[in-house]
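K.L.:
Data: final-v3.pdb, PDB, C-alpha atoms and all ligand atoms.
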```
ATOM      1  CA  MET T  25     -19.918 -34.215  13.968
ATOM      2  CA  LEU T  26     -20.552 -37.248  16.171
ATOM      3  CA  THR T  27     -19.216 -37.405  19.701
ATOM      4  CA  ILE T  28     -19.486 -40.439  21.938
ATOM      5  CA  ASN T  29     -18.590 -39.896  25.568
ATOM      6  CA  LYS T  30     -17.960 -42.650  28.098
ATOM      7  CA  LEU T  31     -20.514 -44.977  26.563
ATOM      8  CA  ASN T  32     -21.558 -48.101  28.446
ATOM      9  CA  ALA T  33     -23.846 -50.321  26.390
ATOM     10  CA  GLY T  34     -24.855 -53.917  25.658
ATOM     11  CA  TYR T  35     -27.837 -56.212  25.361
ATOM     12  CA  GLY T  36     -30.021 -56.835  28.405
ATOM     13  CA  LYS T  37     -27.682 -57.668  31.276
ATOM     14  CA  LEU T  38     -24.704 -58.278  28.983
ATOM     15  CA  GLN T  39     -22.341 -55.294  28.927
ATOM     16  CA  VAL T  40     -20.327 -55.052  25.705
ATOM     17  CA  LEU T  41     -18.948 -51.486  25.616
ATOM     18  CA  TYR T  42     -17.064 -49.996  28.562
ATOM     19  CA  ASP T  43     -16.563 -46.220  28.911
ATOM     20  CA  LEU T  44     -16.085 -45.887  25.175
ATOM     21  CA  SER T  45     -15.249 -42.420  23.831
ATOM     22  CA  ILE T  46     -15.071 -41.736  20.090
ATOM     23  CA  GLU T  47     -14.973 -38.594  17.982
ATOM     24  CA  VAL T  48     -16.103 -38.649  14.331
ATOM     25  CA  PRO T  49     -14.924 -35.450  12.604
ATOM     26  CA  GLU T  50     -16.928 -33.966   9.735
ATOM     27  CA  LYS T  51     -16.171 -34.982   6.131
ATOM     28  CA  GLY T  52     -13.660 -37.659   7.057
ATOM     29  CA  ILE T  53     -13.583 -41.426   7.316
ATOM     30  CA  THR T  54     -13.333 -42.711  10.864
ATOM     31  CA  VAL T  55     -12.369 -46.375  10.825
ATOM     32  CA  VAL T  56     -13.225 -48.744  13.655
ATOM     33  CA  VAL T  57     -11.312 -52.010  13.620
ATOM     34  CA  GLY T  58     -10.816 -54.810  16.107
ATOM     35  CA  PRO T  59     -11.177 -58.552  16.603
ATOM     36  CA  ASN T  60     -14.477 -60.453  16.310
ATOM     37  CA  GLY T  61     -16.760 -59.765  19.244
ATOM     38  CA  ALA T  62     -14.909 -56.565  20.232
ATOM     39  CA  GLY T  63     -18.158 -54.571  20.116
ATOM     40  CA  LYS T  64     -17.880 -52.793  16.747
ATOM     41  CA  THR T  65     -21.424 -53.602  15.601
ATOM     42  CA  THR T  66     -22.688 -52.870  19.108
ATOM     43  CA  LEU T  67     -21.192 -49.382  18.826
ATOM     44  CA  LEU T  68     -23.206 -48.731  15.642
ATOM     45  CA  CYS T  69     -26.299 -50.320  17.224
ATOM     46  CA  SER T  70     -25.907 -47.986  20.216
ATOM     47  CA  ILE T  71     -25.852 -44.956  17.914
ATOM     48  CA  MET T  72     -28.982 -46.263  16.156
ATOM     49  CA  GLY T  73     -30.767 -46.941  19.459
ATOM     50  CA  ILE T  74     -30.833 -50.710  18.876
ATOM     51  CA  ALA T  75     -28.440 -51.715  21.660
ATOM     52  CA  ASN T  76     -29.143 -50.889  25.267
ATOM     53  CA  VAL T  77     -27.241 -47.783  26.431
ATOM     54  CA  THR T  78     -26.816 -47.726  30.206
ATOM     55  CA  SER T  79     -24.762 -44.547  30.524
ATOM     56  CA  GLY T  80     -22.741 -42.035  28.535
ATOM     57  CA  GLU T  81     -23.518 -39.538  25.788
ATOM     58  CA  ILE T  82     -24.084 -39.837  22.039
ATOM     59  CA  LEU T  83     -24.115 -36.385  20.454
ATOM     60  CA  PHE T  84     -24.759 -35.597  16.777
ATOM     61  CA  GLU T  85     -24.065 -31.994  15.751
ATOM     62  CA  GLY T  86     -24.208 -31.109  19.435
ATOM     63  CA  GLY T  87     -27.611 -32.690  20.215
ATOM     64  CA  SER T  88     -28.268 -35.978  22.010
ATOM     65  CA  LEU T  89     -29.446 -38.949  19.930
ATOM     66  CA  GLN T  90     -30.636 -40.989  22.872
ATOM     67  CA  ASN T  91     -34.280 -42.102  22.853
ATOM     68  CA  LEU T  92     -34.841 -40.888  19.280
ATOM     69  CA  PRO T  93     -36.797 -43.275  17.026
ATOM     70  CA  THR T  94     -34.935 -44.606  13.969
ATOM     71  CA  HIS T  95     -36.910 -42.579  11.411
ATOM     72  CA  LEU T  96     -35.895 -39.362  13.197
ATOM     73  CA  LEU T  97     -32.248 -40.396  13.004
ATOM     74  CA  ALA T  98     -32.698 -40.698   9.230
ATOM     75  CA  LYS T  99     -34.312 -37.255   9.132
ATOM     76  CA  LYS T 100     -31.347 -35.823  11.017
ATOM     77  CA  GLY T 101     -29.093 -37.184   8.267
ATOM     78  CA  ILE T 102     -27.792 -40.451   9.703
ATOM     79  CA  SER T 103     -27.843 -43.498   7.481
ATOM     80  CA  TYR T 104     -26.970 -46.996   8.707
ATOM     81  CA  VAL T 105     -25.903 -49.852   6.434
ATOM     82  CA  PRO T 106     -26.000 -52.969   8.663
ATOM     83  CA  GLN T 107     -23.595 -55.898   8.474
ATOM     84  CA  MET T 108     -26.387 -58.330   7.503
ATOM     85  CA  LYS T 109     -29.867 -58.123   6.008
ATOM     86  CA  ASN T 110     -29.239 -54.756   4.414
ATOM     87  CA  VAL T 111     -31.431 -55.150   1.302
ATOM     88  CA  PHE T 112     -34.951 -56.466   0.633
ATOM     89  CA  ALA T 113     -34.070 -59.780  -1.030
ATOM     90  CA  ASP T 114     -37.388 -60.315  -2.844
ATOM     91  CA  LEU T 115     -37.673 -56.797  -4.239
ATOM     92  CA  SER T 116     -36.061 -55.584  -7.451
ATOM     93  CA  VAL T 117     -33.095 -53.214  -7.370
ATOM     94  CA  ARG T 118     -35.471 -50.434  -8.471
ATOM     95  CA  ASP T 119     -37.949 -51.146  -5.671
ATOM     96  CA  ASN T 120     -35.165 -51.402  -3.091
ATOM     97  CA  LEU T 121     -33.962 -47.920  -4.070
ATOM     98  CA  GLN T 122     -37.508 -46.584  -3.979
ATOM     99  CA  MET T 123     -38.133 -48.076  -0.530
ATOM    100  CA  ALA T 124     -34.937 -46.454   0.736
ATOM    101  CA  GLY T 125     -36.127 -43.065  -0.539
ATOM    102  CA  TYR T 126     -39.439 -43.182   1.321
ATOM    103  CA  LEU T 127     -38.673 -39.981   3.228
ATOM    104  CA  LEU T 128     -38.209 -37.968   0.023
ATOM    105  CA  PRO T 129     -40.957 -36.500  -2.170
ATOM    106  CA  PHE T 130     -41.697 -38.865  -5.122
ATOM    107  CA  ASP T 131     -39.940 -36.802  -7.833
ATOM    108  CA  GLU T 132     -36.871 -36.267  -5.697
ATOM    109  CA  ALA T 133     -36.682 -39.977  -4.848
ATOM    110  CA  LYS T 134     -36.880 -40.833  -8.550
ATOM    111  CA  LYS T 135     -34.098 -38.368  -9.395
ATOM    112  CA  LYS T 136     -31.968 -39.636  -6.539
ATOM    113  CA  ALA T 137     -32.453 -43.255  -7.657
ATOM    114  CA  GLU T 138     -31.270 -42.240 -11.136
ATOM    115  CA  GLN T 139     -28.192 -40.607  -9.601
ATOM    116  CA  MET T 140     -27.487 -43.854  -7.744
ATOM    117  CA  THR T 141     -27.616 -45.911 -10.924
ATOM    118  CA  GLU T 142     -25.208 -43.427 -12.537
ATOM    119  CA  MET T 143     -22.869 -43.736  -9.579
ATOM    120  CA  PHE T 144     -23.111 -47.548  -9.479
ATOM    121  CA  PRO T 145     -23.572 -48.664 -13.128
ATOM    122  CA  VAL T 146     -23.990 -52.280 -12.046
ATOM    123  CA  LEU T 147     -27.298 -51.301 -10.428
ATOM    124  CA  LYS T 148     -28.508 -49.804 -13.711
ATOM    125  CA  LYS T 149     -27.646 -53.035 -15.490
ATOM    126  CA  PHE T 150     -29.660 -55.122 -13.038
ATOM    127  CA  ILE T 151     -32.372 -52.585 -12.210
ATOM    128  CA  ASP T 152     -35.251 -55.064 -12.649
ATOM    129  CA  ARG T 153     -33.578 -58.049 -11.004
ATOM    130  CA  LYS T 154     -34.498 -59.169  -7.520
ATOM    131  CA  ALA T 155     -31.811 -58.290  -4.979
ATOM    132  CA  VAL T 156     -31.512 -61.958  -4.028
ATOM    133  CA  THR T 157     -30.036 -62.710  -7.473
ATOM    134  CA  LEU T 158     -27.203 -60.164  -7.122
ATOM    135  CA  SER T 159     -23.681 -61.243  -6.228
ATOM    136  CA  GLY T 160     -22.332 -60.375  -2.761
ATOM    137  CA  GLY T 161     -20.444 -57.321  -4.038
ATOM    138  CA  GLU T 162     -23.380 -56.087  -6.128
ATOM    139  CA  ARG T 163     -25.685 -56.449  -3.152
ATOM    140  CA  ARG T 164     -23.248 -54.462  -0.986
ATOM    141  CA  MET T 165     -23.263 -51.664  -3.633
ATOM    142  CA  LEU T 166     -27.069 -51.700  -3.529
ATOM    143  CA  ALA T 167     -27.013 -51.442   0.273
ATOM    144  CA  VAL T 168     -24.680 -48.420   0.094
ATOM    145  CA  ALA T 169     -26.842 -46.831  -2.635
ATOM    146  CA  MET T 170     -29.900 -47.367  -0.416
ATOM    147  CA  GLY T 171     -28.086 -45.622   2.425
ATOM    148  CA  LEU T 172     -27.264 -42.736   0.075
ATOM    149  CA  MET T 173     -30.920 -42.399  -1.015
ATOM    150  CA  LYS T 174     -31.539 -40.749   2.348
ATOM    151  CA  ASN T 175     -29.156 -37.870   1.527
ATOM    152  CA  PRO T 176     -27.131 -38.567   4.655
ATOM    153  CA  LYS T 177     -24.598 -36.308   6.329
ATOM    154  CA  LEU T 178     -23.230 -39.267   8.267
ATOM    155  CA  MET T 179     -23.099 -42.893   7.116
ATOM    156  CA  LEU T 180     -22.501 -45.810   9.464
ATOM    157  CA  LEU T 181     -21.099 -48.698   7.434
ATOM    158  CA  ASP T 182     -20.697 -52.123   9.020
ATOM    159  CA  GLU T 183     -18.256 -54.594   7.422
ATOM    160  CA  LEU T 184     -18.992 -53.943   3.768
ATOM    161  CA  SER T 185     -16.319 -56.448   2.796
ATOM    162  CA  THR T 186     -17.678 -59.490   4.694
ATOM    163  CA  ASP T 187     -17.673 -62.674   2.580
ATOM    164  CA  LEU T 188     -16.435 -60.889  -0.526
ATOM    165  CA  ALA T 189     -13.498 -62.008  -2.652
ATOM    166  CA  PRO T 190     -10.529 -59.711  -1.844
ATOM    167  CA  ILE T 191     -10.623 -57.967  -5.215
ATOM    168  CA  ILE T 192     -14.343 -57.164  -4.894
ATOM    169  CA  ALA T 193     -13.951 -56.143  -1.236
ATOM    170  CA  GLU T 194     -11.222 -53.757  -2.332
ATOM    171  CA  LYS T 195     -13.551 -52.242  -4.917
ATOM    172  CA  VAL T 196     -16.316 -51.771  -2.366
ATOM    173  CA  ILE T 197     -13.924 -50.060   0.084
ATOM    174  CA  MET T 198     -12.629 -47.752  -2.650
ATOM    175  CA  GLU T 199     -16.265 -46.724  -3.243
ATOM    176  CA  VAL T 200     -16.322 -45.576   0.385
ATOM    177  CA  ALA T 201     -13.381 -43.252  -0.290
ATOM    178  CA  ARG T 202     -15.395 -41.881  -3.226
ATOM    179  CA  LEU T 203     -18.332 -41.058  -0.926
ATOM    180  CA  ARG T 204     -16.013 -38.883   1.134
ATOM    181  CA  ASP T 205     -14.087 -37.355  -1.769
ATOM    182  CA  GLU T 206     -16.940 -36.719  -4.221
ATOM    183  CA  LEU T 207     -19.980 -36.282  -1.975
ATOM    184  CA  GLY T 208     -18.325 -34.938   1.210
ATOM    185  CA  ILE T 209     -20.145 -37.468   3.380
ATOM    186  CA  THR T 210     -18.839 -38.173   6.872
ATOM    187  CA  ILE T 211     -18.280 -41.889   7.389
ATOM    188  CA  LEU T 212     -17.953 -44.186  10.368
ATOM    189  CA  LEU T 213     -16.581 -47.366   8.825
ATOM    190  CA  VAL T 214     -16.368 -50.662  10.672
ATOM    191  CA  GLU T 215     -14.144 -53.019   8.685
ATOM    192  CA  GLN T 216     -12.436 -56.354   9.019
ATOM    193  CA  MET T 217     -10.368 -55.676   5.901
ATOM    194  CA  ALA T 218      -8.371 -53.536   8.274
ATOM    195  CA  LYS T 219      -5.325 -52.725   6.170
ATOM    196  CA  ARG T 220      -7.253 -51.313   3.199
ATOM    197  CA  ALA T 221      -9.711 -49.485   5.448
ATOM    198  CA  LEU T 222      -6.895 -47.841   7.419
ATOM    199  CA  GLU T 223      -5.173 -46.828   4.192
ATOM    200  CA  ILE T 224      -8.224 -44.868   2.986
ATOM    201  CA  GLY T 225      -9.243 -43.720   6.494
ATOM    202  CA  ASP T 226      -8.434 -40.488   8.305
ATOM    203  CA  THR T 227      -9.017 -41.307  11.968
ATOM    204  CA  ALA T 228      -8.880 -44.775  13.511
ATOM    205  CA  TYR T 229      -9.997 -46.560  16.633
ATOM    206  CA  LEU T 230      -8.928 -50.042  17.630
ATOM    207  CA  LEU T 231     -11.590 -51.671  19.765
ATOM    208  CA  VAL T 232     -10.650 -54.589  21.983
ATOM    209  CA  SER T 233     -13.062 -56.195  24.472
ATOM    210  CA  GLY T 234     -15.400 -53.219  24.352
ATOM    211  CA  GLY T 235     -12.737 -50.580  25.061
ATOM    212  CA  VAL T 236     -10.514 -48.301  22.972
ATOM    213  CA  LYS T 237      -7.004 -49.738  22.655
ATOM    214  CA  PHE T 238      -5.799 -47.161  20.105
ATOM    215  CA  ALA T 239      -7.104 -43.769  18.976
ATOM    216  CA  GLY T 240      -5.298 -41.618  16.439
ATOM    217  CA  LYS T 241      -4.640 -41.164  12.748
ATOM    218  CA  SER T 242      -5.312 -44.214  10.548
ATOM    219  CA  LEU T 243      -1.776 -44.372   9.206
ATOM    220  CA  GLU T 244      -0.389 -44.147  12.742
ATOM    221  CA  LEU T 245      -2.239 -47.342  13.632
ATOM    222  CA  LEU T 246      -0.736 -49.026  10.567
ATOM    223  CA  ASN T 247       2.635 -48.044  11.995
ATOM    224  CA  GLU T 248       2.026 -49.951  15.234
ATOM    225  CA  PRO T 249       3.373 -53.401  14.320
ATOM    226  CA  GLU T 250       2.454 -55.003  17.628
ATOM    227  CA  LEU T 251      -1.182 -53.873  17.597
ATOM    228  CA  CYS T 252      -1.529 -54.650  13.880
ATOM    229  CA  ASN T 253      -0.116 -58.118  14.330
ATOM    230  CA  MET T 254      -1.893 -59.030  17.539
ATOM    231  CA  TYR T 255      -5.382 -57.686  16.817
ATOM    232  CA  LEU T 256      -5.708 -57.118  13.077
ATOM    233  CA  GLY T 257      -3.735 -59.945  11.480
ATOM    234  CA  ILE T 258      -1.592 -57.451   9.563
ATOM    235  CA  LYS T 259       1.872 -58.947   9.526
ATOM    236  CA  GLN T 260       3.835 -56.046   8.158
ATOM    237  CA  PRO T 261       2.429 -52.548   8.518
ATOM    238  CA  ALA T 262       1.724 -50.922   5.144
ATOM    239  CA  ALA T 263       3.684 -47.746   5.842
ATOM    240  CA  ALA T 264       6.776 -49.708   6.853
ATOM    241  CA  GLN T 265       6.409 -51.806   3.704
ATOM    242  CA  THR T 266       6.292 -48.687   1.546
ATOM    243  CA  LEU T 267       9.436 -47.384   3.219
ATOM    244  CA  THR T 268      11.275 -50.652   2.595
ATOM    245  CA  GLU T 269      10.182 -50.705  -1.033
ATOM    246  CA  GLY T 270      11.149 -47.056  -1.436
ATOM    247  CA  GLY T 271      14.574 -47.676   0.095
ATOM    248  CA  ALA T 272      15.309 -50.761  -2.013
TER     249      ALA T 272
HETATM  250  N1  LIG T 301     -28.331 -59.087  19.963
HETATM  251  C1  LIG T 301     -27.415 -59.526  20.823
HETATM  252  N2  LIG T 301     -27.782 -60.074  22.012
HETATM  253  C2  LIG T 301     -26.865 -60.507  22.908
HETATM  254  N3  LIG T 301     -25.525 -60.430  22.713
HETATM  255  C3  LIG T 301     -25.102 -59.913  21.553
HETATM  256  C4  LIG T 301     -26.014 -59.425  20.548
HETATM  257  N4  LIG T 301     -25.288 -58.950  19.504
HETATM  258  C5  LIG T 301     -23.998 -59.145  19.855
HETATM  259  N5  LIG T 301     -23.880 -59.708  21.067
HETATM  260  C6  LIG T 301     -22.610 -60.012  21.776
HETATM  261  O1  LIG T 301     -21.921 -58.804  21.984
HETATM  262  C7  LIG T 301     -20.517 -58.965  21.797
HETATM  263  C8  LIG T 301     -20.023 -57.956  20.779
HETATM  264  O2  LIG T 301     -20.619 -58.257  19.531
HETATM  265  P1  LIG T 301     -20.484 -57.325  18.254
HETATM  266  O3  LIG T 301     -21.433 -57.857  17.236
HETATM  267  O4  LIG T 301     -20.631 -55.912  18.644
HETATM  268  O5  LIG T 301     -18.962 -57.594  17.832
HETATM  269  P2  LIG T 301     -18.168 -57.142  16.536
HETATM  270  O6  LIG T 301     -16.951 -56.426  17.001
HETATM  271  O7  LIG T 301     -19.075 -56.430  15.600
HETATM  272  O8  LIG T 301     -17.720 -58.557  15.934
HETATM  273  P3  LIG T 301     -17.595 -59.059  14.395
HETATM  274  O9  LIG T 301     -16.258 -58.576  13.908
HETATM  275  O10 LIG T 301     -17.627 -60.537  14.523
HETATM  276  O11 LIG T 301     -18.752 -58.506  13.605
HETATM  277  C9  LIG T 301     -20.323 -60.408  21.375
HETATM  278  O12 LIG T 301     -19.878 -61.132  22.497
HETATM  279  C10 LIG T 301     -21.696 -60.869  20.926
HETATM  280  O13 LIG T 301     -21.890 -62.221  21.176
HETATM  281 MG    MG T 302     -19.846 -56.850  13.729
END
```
For the file at hand, write its structure as structure tokens.

P.N.:
Amino acid sequence: MLTINKLNAGYGKLQVLYDLSIEVPEKGITVVVGPNGAGKTTLLCSIMGIANVTSGEILFEGGSLQNLPTHLLAKKGISYVPQMKNVFADLSVRDNLQMAGYLLPFDEAKKKAEQMTEMFPVLKKFIDRKAVTLSGGERRMLAVAMGLMKNPKLMLLDELSTDLAPIIAEKVIMEVARLRDELGITILLVEQMAKRALEIGDTAYLLVSGGVKFAGKSLELLNEPELCNMYLGIKQPAAAQTLTEGGA
């Protein structure tokens, strides 16, 4: 669905991504993991036209995304949930959802917002509260719901688990699996909670210093103890753990 070919990108004179090639297959979760500063957010910013692309191709359903304004990306079916500042803090949950549905006709936006509150009951409970009063996890759910208001084919999700307690982060990541399984949405997921993300993911890329260090199936990356240990802080790969437990 999304193909990135030999992408070189950065900010001004600073180059962050070097000859990066990534394939995001339809209806799956493609996980991008890697240490801080590896260029994960820059990859998403390049797709959204926020970072400066110096060479390479970014193709969505076969057509180039380069030089397209952000609102056209949304019309094409791409929805981006940024790492920070992903909700309007001073607006209510209801108004945040409405703002996110600005491309839809009024009735459709209203119906879609209702669907979102069914999908995320916590949003229904706090529908009239300002987003600033929500907890970190609740705010992250709102940000995802706002992304979904645009009826996306492809969602770019950046570090949904940042600053969340592990149990809440886990819940948020499981919601991502639900987007794939129940709504058939294609997802490009950048995550620092690498182990959980790789467990629910289909395809994985390990980004180190702006280049691809590993590309393959998610579970295969979990079976690379050296890479997991060195770059992801995963001491014992999950698959190996399961085998040990199974054998005991
Ligand atoms: N707007 C910007 N202007 C200049 N440099 C930037 C900008 N945003 C990021 N950088 C630099 O680009 C490099 C890659 O940053 P990026 O945010 O893509 O990393 P990341 O992999 O998302 O890291 P993290 O896991 O901490 O979110 C870093 O060295 C960072 O300092
Ligand atoms: Mg980042």

K.L.:
Could you report the residues within 9 Å of ligand LIG 301 (chain T), using only C-alpha atoms and all ligand atoms, as a ChimeraX atom specification?

P.N.:
/T:34-41,57-69,74-75,107,182-183,214-216,231-234

K.L.:
Take the point (-11.1, -47.1, 16.5) in the file's coordinates, draw a sphere of radius 6 Å around it, and report as a ChimeraX atom specification every protein, DNA or RNA residue with an atom inside or on it, counting only C-alpha atoms.

P.N.:
/T:55-57,228-231,239

K.L.:
Counting all atoms listed in the file, what is within 9 Å of Val111 (chain T), bar same-chain residues fewer than 4 positions away, as a list in words?

P.N.:
Leu115, Asn120, Ala155, Val156, Arg163, Arg164, Leu166, Ala167 and Met170 of chain T

K.L.:
Restricting the calculation to only C-alpha atoms and all ligand atoms: of T:Gly208, T:Gly161, T:Pro49, T:Pro106, which residue gets closest to ligand MG 302 (chain T)?

P.N.:
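The closest residue to ligand MG 302 (chain T) is T:Pro106.
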
K.L.:
Between CA of Gly80 (chain T) and CA of Ser45 (chain T), measure the distance and give it in Å to one decimal.

P.N.:
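These atoms are spaced 8.9 Å apart.
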
K.L.:
List the residues matched by the PyMOL selection byres (((chain T and resi 136) around 12) and not hetatm) in the displayed structure as a list in words, ordered by chain and then by residue number.

P.N.:
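For this structure, the PyMOL selection byres (((chain T and resi 136) around 12) and not hetatm) resolves to Arg118, Leu121, Gln122, Ala124, Gly125, Tyr126, Leu127, Leu128, Pro129, Phe130, Asp131, Glu132, Ala133, Lys134, Lys135, Ala137, Glu138, Gln139, Met140, Thr141, Glu142, Met143, Ala169, Met170, Gly171, Leu172, Met173, Lys174 and Asn175 of chain T.
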
K.L.:
Could you check the closest approach to ligand MG 302 (chain T) for each of T:Met165, T:Val196, T:Thr186, T:Ile71 and tell me which residue wins, using only C-alpha atoms and all ligand atoms?

P.N.:
T:Thr186

K.L.:
Residues within 12 Å of (-16.1, -44.0, -0.1), file coordinates, counting only C-alpha atoms: what are they? Give the list as a PyMOL selection string.

P.N.:
chain T and resi 51-55+143+165+168-169+172+178-181+184+194-213+220-221+224-226

K.L.:
Could you check how far CA of Gly257 (chain T) sits from CA of Ile191 (chain T), in Å to one decimal?

P.N.:
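So the answer is 18.2 Å.
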
K.L.:
Could you please determine the separation between CA of Thr157 (chain T) and CA of Val105 (chain T) in Å, to one decimal place?

P.N.:
19.4 Å

K.L.:
Measuring atom to atom with all atoms listed in the file, identify which of T:Ser103, T:Ser185, T:Gly87, T:Lys154 is nearest to ligand MG 302 (chain T).

P.N.:
T:Ser185

K.L.:
Given the PyMOL selection byres (((chain T and resi 32) around 7) and not hetatm) and the file above, list the residues it selects as a list of chain:residue names.

P.N.:
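Matching residues under the PyMOL selection byres (((chain T and resi 32) around 7) and not hetatm) are T:Lys30, T:Leu31, T:Ala33, T:Leu41, T:Tyr42, T:Asp43, T:Leu44, T:Val77, T:Thr78, T:Ser79, T:Gly80.
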
K.L.:
Report, as lines of an AutoDock Vina configuration file, the axis-aligned box around all atoms of region 79-90 of chain T present in the file, extended by 8 Å on each side; give centre and edge lengths in Å to one decimal place.

P.N.:
```
center_x = -26.7
center_y = -37.8
center_z = 23.1
size_x = 23.9
size_y = 29.4
size_z = 30.8
```

K.L.:
Would you kindly translate the PyMOL selection byres (((chain T and resi 98-100) around 9) and not hetatm) into the concrete residues it picks from this file, as a list in words?

P.N.:
Phe84, Thr94, His95, Leu96, Leu97, Gly101, Ile102, Ser103, Tyr104, Leu127, Lys174, Asn175, Pro176 and Lys177 of chain T

K.L.:
Filtering to C-alpha atoms, could you give me those residues as a CSV table (one decimal), in the coordinates of the input?

P.N.:
```csv
chain,number,residue,atom,x,y,z
T,84,PHE,CA,-24.8,-35.6,16.8
T,94,THR,CA,-34.9,-44.6,14.0
T,95,HIS,CA,-36.9,-42.6,11.4
T,96,LEU,CA,-35.9,-39.4,13.2
T,97,LEU,CA,-32.2,-40.4,13.0
T,101,GLY,CA,-29.1,-37.2,8.3
T,102,ILE,CA,-27.8,-40.5,9.7
T,103,SER,CA,-27.8,-43.5,7.5
T,104,TYR,CA,-27.0,-47.0,8.7
T,127,LEU,CA,-38.7,-40.0,3.2
T,174,LYS,CA,-31.5,-40.7,2.3
T,175,ASN,CA,-29.2,-37.9,1.5
T,176,PRO,CA,-27.1,-38.6,4.7
T,177,LYS,CA,-24.6,-36.3,6.3
```

K.L.:
When you look at Glu47 (chain T) with a cut-off of 9 Å (counting only C-alpha atoms), what residues show up, excluding the ones that are within fewer than 6 positions of it in the same chain? I need them as a list of chain:residue names.

P.N.:
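That gives T:Met25, T:Leu26, T:Thr27, T:Ile28, T:Asn29, T:Thr54, T:Thr227.
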
K.L.:
Pick out the closest residue to ligand MG 302 (chain T) from this set: T:Met108, T:Leu92, T:Tyr255, T:Asn76. Count only C-alpha atoms and all ligand atoms.

P.N.:
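Between T:Met108, T:Leu92, T:Tyr255, T:Asn76, the residue approaching ligand MG 302 (chain T) most closely is T:Met108.
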
K.L.:
May I ask you to restore N, CA and C atoms in region 47-62 of chain T and write the result as a short mmCIF file (atom, residue, chain, number, x, y, z; two decimals), in the coordinates of the input?

P.N.:
```cif
data_model
loop_
_atom_site.label_atom_id
_atom_site.label_comp_id
_atom_site.auth_asym_id
_atom_site.auth_seq_id
_atom_site.Cartn_x
_atom_site.Cartn_y
_atom_site.Cartn_z
N GLU T 47 -14.67 -39.87 18.66
CA GLU T 47 -14.97 -38.59 17.98
C GLU T 47 -14.97 -38.85 16.47
N VAL T 48 -16.05 -38.47 15.80
CA VAL T 48 -16.10 -38.65 14.33
C VAL T 48 -16.13 -37.26 13.70
N PRO T 49 -14.97 -36.79 13.18
CA PRO T 49 -14.92 -35.45 12.60
C PRO T 49 -15.66 -35.38 11.27
N GLU T 50 -16.15 -34.17 10.94
CA GLU T 50 -16.93 -33.97 9.74
C GLU T 50 -16.08 -34.21 8.48
N LYS T 51 -16.73 -34.77 7.48
CA LYS T 51 -16.17 -34.98 6.13
C LYS T 51 -14.94 -35.87 6.07
N GLY T 52 -14.78 -36.72 7.09
CA GLY T 52 -13.66 -37.66 7.06
C GLY T 52 -14.17 -39.08 7.20
N ILE T 53 -13.24 -40.02 7.07
CA ILE T 53 -13.58 -41.43 7.32
C ILE T 53 -12.96 -41.83 8.65
N THR T 54 -13.81 -42.20 9.58
CA THR T 54 -13.33 -42.71 10.86
C THR T 54 -13.48 -44.23 10.81
N VAL T 55 -12.36 -44.92 10.96
CA VAL T 55 -12.37 -46.38 10.82
C VAL T 55 -12.35 -47.01 12.21
N VAL T 56 -13.24 -47.99 12.41
CA VAL T 56 -13.22 -48.74 13.66
C VAL T 56 -12.87 -50.19 13.32
N VAL T 57 -11.75 -50.64 13.87
CA VAL T 57 -11.31 -52.01 13.62
C VAL T 57 -11.14 -52.72 14.95
N GLY T 58 -11.00 -54.04 14.88
CA GLY T 58 -10.82 -54.81 16.11
C GLY T 58 -11.25 -56.24 15.88
N PRO T 59 -10.86 -57.14 16.78
CA PRO T 59 -11.18 -58.55 16.60
C PRO T 59 -12.68 -58.84 16.67
N ASN T 60 -13.07 -60.04 16.24
CA ASN T 60 -14.48 -60.45 16.31
C ASN T 60 -14.96 -60.36 17.75
N GLY T 61 -16.16 -59.84 17.91
CA GLY T 61 -16.76 -59.76 19.24
C GLY T 61 -16.28 -58.59 20.07
N ALA T 62 -15.46 -57.70 19.47
CA ALA T 62 -14.91 -56.56 20.23
C ALA T 62 -15.99 -55.54 20.60
#
```
